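Taking it in order: structure first as structure tokens, then the write-up.
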Amino acid sequence: MSTLYLVRHAQASFLSDDYDRLSPLGHEQSKRLGAYCAGRNLRFDRAIVGPRRRHRETAERVAESYQAAGLEFPSLELMPGLDEFQADAMVTHSVGTLSNRYAHLRHLHEAFKAAEDSHTRHRGFQKFMEALTLLWAREEFDAPGLDPWPKFCSRVGAALDELCAGAASGSRIIVFTSGGPAAVAVQKALALSPEKTLELIWMLRNTALVEFLFSGPRFTLSAFNALPHLEPDLWTYR
């Protein structure tokens with residue numbers, strides 16, 4: 001039996017000019033994940049990263065914690081199939097075409113834009129994105145540059161199948177990715193509906209571990225949203 005660990009990236013720079021980089025807290029979350037795993041002498045045979053900067057920066061901080069502990073960490077291997085869905089294309093399309101079609105979406109977006117403090121803006125954006133992604137998963141719209149929900153799931157599933165098929169028995173693989181691919185991996189293990197899969201995306205905290213056991217056709221969820229390396233005051237969702 002082999003083990004696959006999926007890590008949702010650390011806190012990124014939400015509502016900044018460049019979301020795709022870790023915040024100072026995100027760097028700290030990543031270092032703590034690495035120190036926790038190194039402290040338990042958890043060795044990995046492969047380390048995989050999605051194509052985003054936040055994926056790689058999370059992995060690099062983990063690797064640095066291993067090096068500080070005098071332990072080896074595998075070289076990072078890029079796997080584009082474990083990228084997140086194209087949220088920018090989705091939001092751009094929704095502000096125009098979809099807001100005219102769906103009144104509730106327009107109202108949620110207006111509430112987000114009118115928010116006067118960061119807490120209210122975070123909550124407003126979350127509600128807006130939940131409504132928007134639900135329409136996407138139900139295949140009620142498409143947009144330039146945005147993969148349909150089935151294609152997104154198929155792309156992530158193919159990457160996971162490739163990883164598992166090439167793994168030696170008893171191996172450990174760690175993957176640094178985003179909430180969407182991690183949720184699709186759980187969907188693969190539990191045969192969840194699109195709606196339930198989306199719920200998992202919003203539940204996943206930054207640097208949370210999702211663990212699977214696999215062998216041949218077997219792909220079993222072992223742990224979800226685990227944060228043994230962080231105190232609750234360091235838990236974040238974006």
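Numbering starts fresh at 1 for the residues of each chain in the structure tokens, the chains themselves are lettered A, B, ... in the order given, and ligands are numbered from 1 as they appear.
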
- Per DSSP on the backbone, filter range 75-140 of chain A down to the residues in helix (DSSP H, G or I) and report them as a PyMOL selection string. chain A and resi 80-82+87-101+103-114+118-137

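The protein and nucleic acid residues lying at most 6 Å from range 191-207 of chain A are A:Val7, A:Arg8, A:His9, A:Ala10, A:Gln11, A:Gly179, A:Gly180, A:Ala183, A:Asn225, A:Thr236, A:Tyr237, with only C-alpha atoms considered and sequence neighbours fewer than 5 positions away removed.
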
Writing out the chosen residues with all heavy atoms as a PDB file, in the first residue's frame:
```pdb
ATOM      1  N   VAL A   7      -1.374  18.585  -0.282  1.00  0.00           N
ATOM      2  CA  VAL A   7      -1.284  19.765   0.570  1.00  0.00           C
ATOM      3  C   VAL A   7      -1.908  20.946  -0.159  1.00  0.00           C
ATOM      4  O   VAL A   7      -1.485  21.282  -1.275  1.00  0.00           O
ATOM      5  CB  VAL A   7       0.182  20.096   0.916  1.00  0.00           C
ATOM      6  CG1 VAL A   7       0.260  21.363   1.784  1.00  0.00           C
ATOM      7  CG2 VAL A   7       0.851  18.921   1.614  1.00  0.00           C
ATOM      8  N   ARG A   8      -2.910  21.547   0.458  1.00  0.00           N
ATOM      9  CA  ARG A   8      -3.399  22.809  -0.105  1.00  0.00           C
ATOM     10  C   ARG A   8      -2.373  23.893   0.224  1.00  0.00           C
ATOM     11  O   ARG A   8      -1.846  23.946   1.336  1.00  0.00           O
ATOM     12  CB  ARG A   8      -4.752  23.182   0.482  1.00  0.00           C
ATOM     13  CG  ARG A   8      -5.330  24.371  -0.279  1.00  0.00           C
ATOM     14  CD  ARG A   8      -6.483  25.047   0.409  1.00  0.00           C
ATOM     15  NE  ARG A   8      -6.796  26.273  -0.338  1.00  0.00           N
ATOM     16  CZ  ARG A   8      -7.342  27.340   0.217  1.00  0.00           C
ATOM     17  NH1 ARG A   8      -7.638  27.365   1.487  1.00  0.00           N
ATOM     18  NH2 ARG A   8      -7.578  28.405  -0.520  1.00  0.00           N
ATOM     19  N   HIS A   9      -2.076  24.732  -0.734  1.00  0.00           N
ATOM     20  CA  HIS A   9      -1.049  25.757  -0.561  1.00  0.00           C
ATOM     21  C   HIS A   9      -1.302  26.614   0.689  1.00  0.00           C
ATOM     22  O   HIS A   9      -2.428  26.725   1.183  1.00  0.00           O
ATOM     23  CB  HIS A   9      -0.978  26.654  -1.794  1.00  0.00           C
ATOM     24  CG  HIS A   9      -2.244  27.433  -2.052  1.00  0.00           C
ATOM     25  ND1 HIS A   9      -2.574  28.586  -1.368  1.00  0.00           N
ATOM     26  CD2 HIS A   9      -3.263  27.201  -2.909  1.00  0.00           C
ATOM     27  CE1 HIS A   9      -3.732  29.042  -1.801  1.00  0.00           C
ATOM     28  NE2 HIS A   9      -4.182  28.222  -2.737  1.00  0.00           N
ATOM     29  N   ALA A  10      -0.264  27.242   1.178  1.00  0.00           N
ATOM     30  CA  ALA A  10      -0.367  28.143   2.321  1.00  0.00           C
ATOM     31  C   ALA A  10      -1.114  29.419   1.932  1.00  0.00           C
ATOM     32  O   ALA A  10      -1.438  29.642   0.757  1.00  0.00           O
ATOM     33  CB  ALA A  10       1.031  28.475   2.837  1.00  0.00           C
ATOM     34  N   GLN A  11      -1.374  30.261   2.932  1.00  0.00           N
ATOM     35  CA  GLN A  11      -2.145  31.483   2.682  1.00  0.00           C
ATOM     36  C   GLN A  11      -1.482  32.326   1.591  1.00  0.00           C
ATOM     37  O   GLN A  11      -0.294  32.643   1.662  1.00  0.00           O
ATOM     38  CB  GLN A  11      -2.268  32.319   3.948  1.00  0.00           C
ATOM     39  CG  GLN A  11      -3.175  33.532   3.760  1.00  0.00           C
ATOM     40  CD  GLN A  11      -3.166  34.454   4.958  1.00  0.00           C
ATOM     41  OE1 GLN A  11      -2.127  34.977   5.342  1.00  0.00           O
ATOM     42  NE2 GLN A  11      -4.330  34.649   5.567  1.00  0.00           N
ATOM     43  N   GLY A 179      -7.150  23.977  -3.495  1.00  0.00           N
ATOM     44  CA  GLY A 179      -8.334  23.348  -2.948  1.00  0.00           C
ATOM     45  C   GLY A 179      -9.143  22.560  -3.963  1.00  0.00           C
ATOM     46  O   GLY A 179      -9.682  21.496  -3.649  1.00  0.00           O
ATOM     47  N   GLY A 180      -9.229  23.078  -5.203  1.00  0.00           N
ATOM     48  CA  GLY A 180     -10.006  22.387  -6.226  1.00  0.00           C
ATOM     49  C   GLY A 180      -9.498  20.995  -6.528  1.00  0.00           C
ATOM     50  O   GLY A 180     -10.252  20.015  -6.440  1.00  0.00           O
ATOM     51  N   ALA A 183     -10.065  18.616  -3.598  1.00  0.00           N
ATOM     52  CA  ALA A 183     -11.460  18.194  -3.476  1.00  0.00           C
ATOM     53  C   ALA A 183     -11.829  17.171  -4.539  1.00  0.00           C
ATOM     54  O   ALA A 183     -12.571  16.215  -4.272  1.00  0.00           O
ATOM     55  CB  ALA A 183     -12.381  19.411  -3.571  1.00  0.00           C
ATOM     56  N   ASN A 225      -8.253  17.434   5.665  1.00  0.00           N
ATOM     57  CA  ASN A 225      -8.173  18.750   6.298  1.00  0.00           C
ATOM     58  C   ASN A 225      -7.389  18.717   7.612  1.00  0.00           C
ATOM     59  O   ASN A 225      -7.721  19.431   8.561  1.00  0.00           O
ATOM     60  CB  ASN A 225      -9.571  19.317   6.533  1.00  0.00           C
ATOM     61  CG  ASN A 225      -9.647  20.821   6.309  1.00  0.00           C
ATOM     62  OD1 ASN A 225      -8.729  21.433   5.778  1.00  0.00           O
ATOM     63  ND2 ASN A 225     -10.755  21.411   6.719  1.00  0.00           N
ATOM     64  N   THR A 236      -6.234  29.440   8.308  1.00  0.00           N
ATOM     65  CA  THR A 236      -6.806  30.367   7.347  1.00  0.00           C
ATOM     66  C   THR A 236      -7.406  29.585   6.188  1.00  0.00           C
ATOM     67  O   THR A 236      -7.098  28.411   5.980  1.00  0.00           O
ATOM     68  CB  THR A 236      -5.754  31.349   6.795  1.00  0.00           C
ATOM     69  OG1 THR A 236      -4.685  30.598   6.182  1.00  0.00           O
ATOM     70  CG2 THR A 236      -5.187  32.237   7.895  1.00  0.00           C
ATOM     71  N   TYR A 237      -8.245  30.274   5.407  1.00  0.00           N
ATOM     72  CA  TYR A 237      -8.902  29.643   4.272  1.00  0.00           C
ATOM     73  C   TYR A 237      -8.503  30.267   2.939  1.00  0.00           C
ATOM     74  O   TYR A 237      -8.851  29.728   1.884  1.00  0.00           O
ATOM     75  CB  TYR A 237     -10.428  29.754   4.410  1.00  0.00           C
ATOM     76  CG  TYR A 237     -10.982  28.922   5.544  1.00  0.00           C
ATOM     77  CD1 TYR A 237     -11.079  29.450   6.828  1.00  0.00           C
ATOM     78  CD2 TYR A 237     -11.397  27.611   5.335  1.00  0.00           C
ATOM     79  CE1 TYR A 237     -11.591  28.691   7.866  1.00  0.00           C
ATOM     80  CE2 TYR A 237     -11.900  26.848   6.369  1.00  0.00           C
ATOM     81  CZ  TYR A 237     -11.992  27.392   7.636  1.00  0.00           C
ATOM     82  OH  TYR A 237     -12.482  26.627   8.673  1.00  0.00           O
TER      83      TYR A 237
END
```

Polymer residues at most 12 Å from range 81-86 of chain A, only C-alpha atoms, same-chain spacing of 5 or more positions, as a PDB file with N, CA, C and O atoms, in the first residue's frame:
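What follows is the written file around16.pdb:
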```pdb
ATOM      1  N   LEU A   6      -1.855  15.149  -0.246  1.00  0.00           N
ATOM      2  CA  LEU A   6      -2.125  16.388  -0.967  1.00  0.00           C
ATOM      3  C   LEU A   6      -2.108  17.532   0.041  1.00  0.00           C
ATOM      4  O   LEU A   6      -2.751  17.456   1.088  1.00  0.00           O
ATOM      5  N   VAL A   7      -1.374  18.585  -0.282  1.00  0.00           N
ATOM      6  CA  VAL A   7      -1.284  19.765   0.570  1.00  0.00           C
ATOM      7  C   VAL A   7      -1.908  20.946  -0.159  1.00  0.00           C
ATOM      8  O   VAL A   7      -1.485  21.282  -1.275  1.00  0.00           O
ATOM      9  N   ARG A   8      -2.910  21.547   0.458  1.00  0.00           N
ATOM     10  CA  ARG A   8      -3.399  22.809  -0.105  1.00  0.00           C
ATOM     11  C   ARG A   8      -2.373  23.893   0.224  1.00  0.00           C
ATOM     12  O   ARG A   8      -1.846  23.946   1.336  1.00  0.00           O
ATOM     13  N   HIS A   9      -2.076  24.732  -0.734  1.00  0.00           N
ATOM     14  CA  HIS A   9      -1.049  25.757  -0.561  1.00  0.00           C
ATOM     15  C   HIS A   9      -1.302  26.614   0.689  1.00  0.00           C
ATOM     16  O   HIS A   9      -2.428  26.725   1.183  1.00  0.00           O
ATOM     17  N   ASP A  20      -1.181  35.331  -6.348  1.00  0.00           N
ATOM     18  CA  ASP A  20      -0.407  34.096  -6.477  1.00  0.00           C
ATOM     19  C   ASP A  20       0.987  34.188  -5.849  1.00  0.00           C
ATOM     20  O   ASP A  20       1.992  33.856  -6.473  1.00  0.00           O
ATOM     21  N   ILE A  48       5.644  16.671  -5.674  1.00  0.00           N
ATOM     22  CA  ILE A  48       5.019  17.185  -6.884  1.00  0.00           C
ATOM     23  C   ILE A  48       4.441  18.565  -6.597  1.00  0.00           C
ATOM     24  O   ILE A  48       3.843  18.783  -5.534  1.00  0.00           O
ATOM     25  N   VAL A  49       4.577  19.479  -7.556  1.00  0.00           N
ATOM     26  CA  VAL A  49       3.980  20.806  -7.400  1.00  0.00           C
ATOM     27  C   VAL A  49       3.102  21.119  -8.601  1.00  0.00           C
ATOM     28  O   VAL A  49       3.406  20.752  -9.738  1.00  0.00           O
ATOM     29  N   GLY A  50       1.989  21.800  -8.334  1.00  0.00           N
ATOM     30  CA  GLY A  50       1.203  22.378  -9.409  1.00  0.00           C
ATOM     31  C   GLY A  50       1.949  23.569  -9.989  1.00  0.00           C
ATOM     32  O   GLY A  50       3.013  23.963  -9.498  1.00  0.00           O
ATOM     33  N   PRO A  51       1.400  24.199 -11.017  1.00  0.00           N
ATOM     34  CA  PRO A  51       2.144  25.220 -11.762  1.00  0.00           C
ATOM     35  C   PRO A  51       2.102  26.627 -11.173  1.00  0.00           C
ATOM     36  O   PRO A  51       2.749  27.530 -11.703  1.00  0.00           O
ATOM     37  N   ARG A  52       1.379  26.828 -10.088  1.00  0.00           N
ATOM     38  CA  ARG A  52       1.248  28.178  -9.551  1.00  0.00           C
ATOM     39  C   ARG A  52       2.395  28.525  -8.599  1.00  0.00           C
ATOM     40  O   ARG A  52       2.971  27.659  -7.947  1.00  0.00           O
ATOM     41  N   ARG A  53       2.674  29.820  -8.526  1.00  0.00           N
ATOM     42  CA  ARG A  53       3.730  30.290  -7.620  1.00  0.00           C
ATOM     43  C   ARG A  53       3.434  29.889  -6.179  1.00  0.00           C
ATOM     44  O   ARG A  53       4.339  29.499  -5.438  1.00  0.00           O
ATOM     45  N   ARG A  54       2.186  29.995  -5.757  1.00  0.00           N
ATOM     46  CA  ARG A  54       1.832  29.663  -4.378  1.00  0.00           C
ATOM     47  C   ARG A  54       2.066  28.183  -4.075  1.00  0.00           C
ATOM     48  O   ARG A  54       2.353  27.825  -2.930  1.00  0.00           O
ATOM     49  N   HIS A  55       1.918  27.319  -5.088  1.00  0.00           N
ATOM     50  CA  HIS A  55       2.212  25.899  -4.901  1.00  0.00           C
ATOM     51  C   HIS A  55       3.705  25.702  -4.638  1.00  0.00           C
ATOM     52  O   HIS A  55       4.102  25.018  -3.689  1.00  0.00           O
ATOM     53  N   ARG A  56       4.504  26.307  -5.510  1.00  0.00           N
ATOM     54  CA  ARG A  56       5.963  26.129  -5.405  1.00  0.00           C
ATOM     55  C   ARG A  56       6.516  26.771  -4.128  1.00  0.00           C
ATOM     56  O   ARG A  56       7.371  26.193  -3.462  1.00  0.00           O
ATOM     57  N   VAL A  91     -14.556  34.755 -12.931  1.00  0.00           N
ATOM     58  CA  VAL A  91     -15.019  36.007 -12.329  1.00  0.00           C
ATOM     59  C   VAL A  91     -15.206  37.081 -13.393  1.00  0.00           C
ATOM     60  O   VAL A  91     -16.205  37.810 -13.387  1.00  0.00           O
ATOM     61  N   THR A  92     -14.272  37.173 -14.335  1.00  0.00           N
ATOM     62  CA  THR A  92     -14.380  38.182 -15.396  1.00  0.00           C
ATOM     63  C   THR A  92     -15.667  38.000 -16.191  1.00  0.00           C
ATOM     64  O   THR A  92     -16.379  38.967 -16.490  1.00  0.00           O
ATOM     65  N   HIS A  93     -15.993  36.760 -16.516  1.00  0.00           N
ATOM     66  CA  HIS A  93     -17.211  36.480 -17.269  1.00  0.00           C
ATOM     67  C   HIS A  93     -18.449  36.787 -16.443  1.00  0.00           C
ATOM     68  O   HIS A  93     -19.443  37.292 -16.971  1.00  0.00           O
ATOM     69  N   THR A 133     -19.377  29.252  -8.557  1.00  0.00           N
ATOM     70  CA  THR A 133     -18.849  27.926  -8.860  1.00  0.00           C
ATOM     71  C   THR A 133     -19.948  26.869  -8.910  1.00  0.00           C
ATOM     72  O   THR A 133     -19.807  25.868  -9.620  1.00  0.00           O
ATOM     73  N   TRP A 136     -21.160  26.929 -12.332  1.00  0.00           N
ATOM     74  CA  TRP A 136     -20.129  26.307 -13.182  1.00  0.00           C
ATOM     75  C   TRP A 136     -20.193  24.786 -13.090  1.00  0.00           C
ATOM     76  O   TRP A 136     -20.185  24.084 -14.109  1.00  0.00           O
ATOM     77  N   ALA A 137     -20.272  24.255 -11.877  1.00  0.00           N
ATOM     78  CA  ALA A 137     -20.312  22.804 -11.703  1.00  0.00           C
ATOM     79  C   ALA A 137     -21.578  22.196 -12.292  1.00  0.00           C
ATOM     80  O   ALA A 137     -21.579  21.037 -12.715  1.00  0.00           O
ATOM     81  N   ASP A 142     -20.419  28.717 -19.732  1.00  0.00           N
ATOM     82  CA  ASP A 142     -19.013  28.535 -20.066  1.00  0.00           C
ATOM     83  C   ASP A 142     -18.432  29.928 -20.313  1.00  0.00           C
ATOM     84  O   ASP A 142     -19.149  30.911 -20.425  1.00  0.00           O
ATOM     85  N   ALA A 143     -17.116  30.001 -20.354  1.00  0.00           N
ATOM     86  CA  ALA A 143     -16.450  31.286 -20.515  1.00  0.00           C
ATOM     87  C   ALA A 143     -15.117  31.075 -21.212  1.00  0.00           C
ATOM     88  O   ALA A 143     -14.497  30.013 -21.074  1.00  0.00           O
ATOM     89  N   PRO A 144     -14.641  32.058 -21.968  1.00  0.00           N
ATOM     90  CA  PRO A 144     -13.328  31.942 -22.613  1.00  0.00           C
ATOM     91  C   PRO A 144     -12.229  31.691 -21.580  1.00  0.00           C
ATOM     92  O   PRO A 144     -12.158  32.373 -20.556  1.00  0.00           O
ATOM     93  N   GLY A 145     -11.410  30.689 -21.843  1.00  0.00           N
ATOM     94  CA  GLY A 145     -10.312  30.386 -20.951  1.00  0.00           C
ATOM     95  C   GLY A 145     -10.678  29.572 -19.731  1.00  0.00           C
ATOM     96  O   GLY A 145      -9.831  29.310 -18.880  1.00  0.00           O
ATOM     97  N   LEU A 146     -11.924  29.161 -19.629  1.00  0.00           N
ATOM     98  CA  LEU A 146     -12.389  28.393 -18.472  1.00  0.00           C
ATOM     99  C   LEU A 146     -12.763  26.983 -18.892  1.00  0.00           C
ATOM    100  O   LEU A 146     -13.623  26.792 -19.752  1.00  0.00           O
ATOM    101  N   ASP A 147     -12.132  25.981 -18.289  1.00  0.00           N
ATOM    102  CA  ASP A 147     -12.506  24.597 -18.559  1.00  0.00           C
ATOM    103  C   ASP A 147     -13.874  24.295 -17.964  1.00  0.00           C
ATOM    104  O   ASP A 147     -14.163  24.706 -16.835  1.00  0.00           O
ATOM    105  N   PRO A 148     -14.740  23.575 -18.659  1.00  0.00           N
ATOM    106  CA  PRO A 148     -15.983  23.106 -18.044  1.00  0.00           C
ATOM    107  C   PRO A 148     -15.667  22.201 -16.854  1.00  0.00           C
ATOM    108  O   PRO A 148     -14.583  21.607 -16.770  1.00  0.00           O
ATOM    109  N   TRP A 149     -16.611  22.095 -15.942  1.00  0.00           N
ATOM    110  CA  TRP A 149     -16.417  21.271 -14.746  1.00  0.00           C
ATOM    111  C   TRP A 149     -15.969  19.850 -15.076  1.00  0.00           C
ATOM    112  O   TRP A 149     -14.986  19.364 -14.486  1.00  0.00           O
ATOM    113  N   PRO A 150     -16.622  19.127 -16.000  1.00  0.00           N
ATOM    114  CA  PRO A 150     -16.165  17.759 -16.288  1.00  0.00           C
ATOM    115  C   PRO A 150     -14.727  17.706 -16.790  1.00  0.00           C
ATOM    116  O   PRO A 150     -13.983  16.782 -16.448  1.00  0.00           O
ATOM    117  N   LYS A 151     -14.314  18.694 -17.587  1.00  0.00           N
ATOM    118  CA  LYS A 151     -12.945  18.702 -18.102  1.00  0.00           C
ATOM    119  C   LYS A 151     -11.950  18.970 -16.980  1.00  0.00           C
ATOM    120  O   LYS A 151     -10.862  18.374 -16.936  1.00  0.00           O
ATOM    121  N   PHE A 152     -12.294  19.861 -16.064  1.00  0.00           N
ATOM    122  CA  PHE A 152     -11.434  20.127 -14.914  1.00  0.00           C
ATOM    123  C   PHE A 152     -11.241  18.860 -14.083  1.00  0.00           C
ATOM    124  O   PHE A 152     -10.113  18.482 -13.749  1.00  0.00           O
ATOM    125  N   CYS A 153     -12.350  18.172 -13.782  1.00  0.00           N
ATOM    126  CA  CYS A 153     -12.260  16.935 -12.994  1.00  0.00           C
ATOM    127  C   CYS A 153     -11.470  15.862 -13.730  1.00  0.00           C
ATOM    128  O   CYS A 153     -10.680  15.125 -13.116  1.00  0.00           O
ATOM    129  N   SER A 154     -11.662  15.774 -15.028  1.00  0.00           N
ATOM    130  CA  SER A 154     -10.947  14.781 -15.821  1.00  0.00           C
ATOM    131  C   SER A 154      -9.453  15.065 -15.833  1.00  0.00           C
ATOM    132  O   SER A 154      -8.624  14.145 -15.736  1.00  0.00           O
ATOM    133  N   ARG A 155      -9.083  16.330 -15.949  1.00  0.00           N
ATOM    134  CA  ARG A 155      -7.667  16.706 -15.967  1.00  0.00           C
ATOM    135  C   ARG A 155      -6.983  16.357 -14.640  1.00  0.00           C
ATOM    136  O   ARG A 155      -5.896  15.780 -14.609  1.00  0.00           O
ATOM    137  N   VAL A 156      -7.638  16.686 -13.541  1.00  0.00           N
ATOM    138  CA  VAL A 156      -7.070  16.356 -12.226  1.00  0.00           C
ATOM    139  C   VAL A 156      -7.032  14.847 -12.025  1.00  0.00           C
ATOM    140  O   VAL A 156      -6.030  14.296 -11.549  1.00  0.00           O
ATOM    141  N   GLY A 157      -8.104  14.163 -12.409  1.00  0.00           N
ATOM    142  CA  GLY A 157      -8.146  12.707 -12.263  1.00  0.00           C
ATOM    143  C   GLY A 157      -7.058  12.018 -13.055  1.00  0.00           C
ATOM    144  O   GLY A 157      -6.444  11.049 -12.577  1.00  0.00           O
ATOM    145  N   ALA A 158      -6.779  12.506 -14.253  1.00  0.00           N
ATOM    146  CA  ALA A 158      -5.728  11.904 -15.074  1.00  0.00           C
ATOM    147  C   ALA A 158      -4.360  12.089 -14.424  1.00  0.00           C
ATOM    148  O   ALA A 158      -3.515  11.182 -14.457  1.00  0.00           O
ATOM    149  N   ALA A 159      -4.124  13.265 -13.837  1.00  0.00           N
ATOM    150  CA  ALA A 159      -2.846  13.498 -13.148  1.00  0.00           C
ATOM    151  C   ALA A 159      -2.696  12.573 -11.947  1.00  0.00           C
ATOM    152  O   ALA A 159      -1.617  12.008 -11.711  1.00  0.00           O
ATOM    153  N   LEU A 160      -3.763  12.385 -11.197  1.00  0.00           N
ATOM    154  CA  LEU A 160      -3.717  11.486 -10.047  1.00  0.00           C
ATOM    155  C   LEU A 160      -3.479  10.044 -10.493  1.00  0.00           C
ATOM    156  O   LEU A 160      -2.689   9.310  -9.874  1.00  0.00           O
ATOM    157  N   ASP A 161      -4.154   9.633 -11.555  1.00  0.00           N
ATOM    158  CA  ASP A 161      -3.953   8.273 -12.074  1.00  0.00           C
ATOM    159  C   ASP A 161      -2.508   8.065 -12.508  1.00  0.00           C
ATOM    160  O   ASP A 161      -1.925   6.997 -12.267  1.00  0.00           O
ATOM    161  N   GLU A 162      -1.934   9.077 -13.131  1.00  0.00           N
ATOM    162  CA  GLU A 162      -0.536   8.980 -13.568  1.00  0.00           C
ATOM    163  C   GLU A 162       0.398   8.820 -12.379  1.00  0.00           C
ATOM    164  O   GLU A 162       1.326   7.997 -12.401  1.00  0.00           O
ATOM    165  N   LEU A 163       0.164   9.599 -11.331  1.00  0.00           N
ATOM    166  CA  LEU A 163       0.996   9.501 -10.134  1.00  0.00           C
ATOM    167  C   LEU A 163       0.909   8.118  -9.503  1.00  0.00           C
ATOM    168  O   LEU A 163       1.924   7.511  -9.140  1.00  0.00           O
ATOM    169  N   VAL A 175       2.117  16.125  -2.641  1.00  0.00           N
ATOM    170  CA  VAL A 175       1.702  17.002  -3.743  1.00  0.00           C
ATOM    171  C   VAL A 175       1.275  18.343  -3.164  1.00  0.00           C
ATOM    172  O   VAL A 175       0.494  18.402  -2.209  1.00  0.00           O
ATOM    173  N   PHE A 176       1.771  19.426  -3.749  1.00  0.00           N
ATOM    174  CA  PHE A 176       1.406  20.779  -3.339  1.00  0.00           C
ATOM    175  C   PHE A 176       0.526  21.383  -4.432  1.00  0.00           C
ATOM    176  O   PHE A 176       0.974  21.577  -5.567  1.00  0.00           O
ATOM    177  N   THR A 177      -0.722  21.659  -4.082  1.00  0.00           N
ATOM    178  CA  THR A 177      -1.692  22.078  -5.079  1.00  0.00           C
ATOM    179  C   THR A 177      -2.680  23.055  -4.447  1.00  0.00           C
ATOM    180  O   THR A 177      -2.342  23.749  -3.474  1.00  0.00           O
ATOM    181  N   SER A 178      -3.898  23.096  -4.958  1.00  0.00           N
ATOM    182  CA  SER A 178      -4.934  24.004  -4.473  1.00  0.00           C
ATOM    183  C   SER A 178      -6.153  23.221  -3.990  1.00  0.00           C
ATOM    184  O   SER A 178      -6.210  21.995  -4.097  1.00  0.00           O
ATOM    185  N   GLY A 179      -7.150  23.977  -3.495  1.00  0.00           N
ATOM    186  CA  GLY A 179      -8.334  23.348  -2.948  1.00  0.00           C
ATOM    187  C   GLY A 179      -9.143  22.560  -3.963  1.00  0.00           C
ATOM    188  O   GLY A 179      -9.682  21.496  -3.649  1.00  0.00           O
ATOM    189  N   GLY A 180      -9.229  23.078  -5.203  1.00  0.00           N
ATOM    190  CA  GLY A 180     -10.006  22.387  -6.226  1.00  0.00           C
ATOM    191  C   GLY A 180      -9.498  20.995  -6.528  1.00  0.00           C
ATOM    192  O   GLY A 180     -10.252  20.015  -6.440  1.00  0.00           O
ATOM    193  N   PRO A 181      -8.224  20.828  -6.897  1.00  0.00           N
ATOM    194  CA  PRO A 181      -7.699  19.487  -7.146  1.00  0.00           C
ATOM    195  C   PRO A 181      -7.779  18.567  -5.933  1.00  0.00           C
ATOM    196  O   PRO A 181      -8.052  17.372  -6.081  1.00  0.00           O
ATOM    197  N   ALA A 182      -7.554  19.111  -4.732  1.00  0.00           N
ATOM    198  CA  ALA A 182      -7.658  18.271  -3.534  1.00  0.00           C
ATOM    199  C   ALA A 182      -9.082  17.757  -3.345  1.00  0.00           C
ATOM    200  O   ALA A 182      -9.305  16.587  -3.004  1.00  0.00           O
ATOM    201  N   ALA A 183     -10.065  18.616  -3.598  1.00  0.00           N
ATOM    202  CA  ALA A 183     -11.460  18.194  -3.476  1.00  0.00           C
ATOM    203  C   ALA A 183     -11.829  17.171  -4.539  1.00  0.00           C
ATOM    204  O   ALA A 183     -12.571  16.215  -4.272  1.00  0.00           O
ATOM    205  N   VAL A 184     -11.311  17.342  -5.753  1.00  0.00           N
ATOM    206  CA  VAL A 184     -11.576  16.368  -6.813  1.00  0.00           C
ATOM    207  C   VAL A 184     -10.962  15.013  -6.456  1.00  0.00           C
ATOM    208  O   VAL A 184     -11.530  13.959  -6.782  1.00  0.00           O
ATOM    209  N   ALA A 185      -9.825  15.022  -5.784  1.00  0.00           N
ATOM    210  CA  ALA A 185      -9.230  13.760  -5.334  1.00  0.00           C
ATOM    211  C   ALA A 185     -10.148  13.050  -4.344  1.00  0.00           C
ATOM    212  O   ALA A 185     -10.314  11.822  -4.397  1.00  0.00           O
ATOM    213  N   LEU A 198     -17.736  20.669  -4.338  1.00  0.00           N
ATOM    214  CA  LEU A 198     -17.521  22.103  -4.154  1.00  0.00           C
ATOM    215  C   LEU A 198     -17.501  22.479  -2.679  1.00  0.00           C
ATOM    216  O   LEU A 198     -16.712  23.329  -2.251  1.00  0.00           O
ATOM    217  N   ILE A 201     -14.078  22.149  -1.274  1.00  0.00           N
ATOM    218  CA  ILE A 201     -13.124  23.195  -1.660  1.00  0.00           C
ATOM    219  C   ILE A 201     -13.120  24.308  -0.616  1.00  0.00           C
ATOM    220  O   ILE A 201     -12.064  24.780  -0.186  1.00  0.00           O
TER     221      ILE A 201
END
```

- Item | Backbone DSSP call of strand (DSSP E or B) for range 21-220 of chain A, listed as a ChimeraX atom specification | /A:22,46-49,76-78,172-177,209-215,218-220

- Compare A:Thr58, A:Gln126, A:Ser13, A:Ser215 by their minimum atom-to-atom distance to Lys31 in chain A, counting only C-alpha atoms, and give me the closest one. A:Thr58

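Across the structure, CA of Tyr102 in chain A and CA of Ala89 in chain A are spaced 17.4 Å apart.
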
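Considering only C-alpha atoms, the residue among A:Glu77, A:Ser30, A:Asp45, A:His119 positioned nearest to Leu209 in chain A is A:Ser30.
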
- Pick from A:Gln29, A:Asn100, A:Asn41, A:Ser75, whichever lies nearest to Arg61 in chain A using only C-alpha atoms: A:Gln29

- Who sits within 10 Å of Ser2 in chain A, only C-alpha atoms, same chain under 6 positions skipped, as a VMD selection string: chain A and resid 164 167 to 173 212 to 216 219

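The coordinates place CA of Ala87 in chain A at 16.4 Å from CA of Leu108 in chain A.
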
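In terms of minimum interatomic distance to Tyr66 in chain A, A:Gly34 ranks closest within A:Gly166, A:Gly34, A:Pro24, A:Pro232, counting only C-alpha atoms.
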
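Considering only C-alpha atoms, the residue among A:Glu60, A:Glu211, A:Asp18, A:Glu110 positioned nearest to Ser94 in chain A is A:Glu110.
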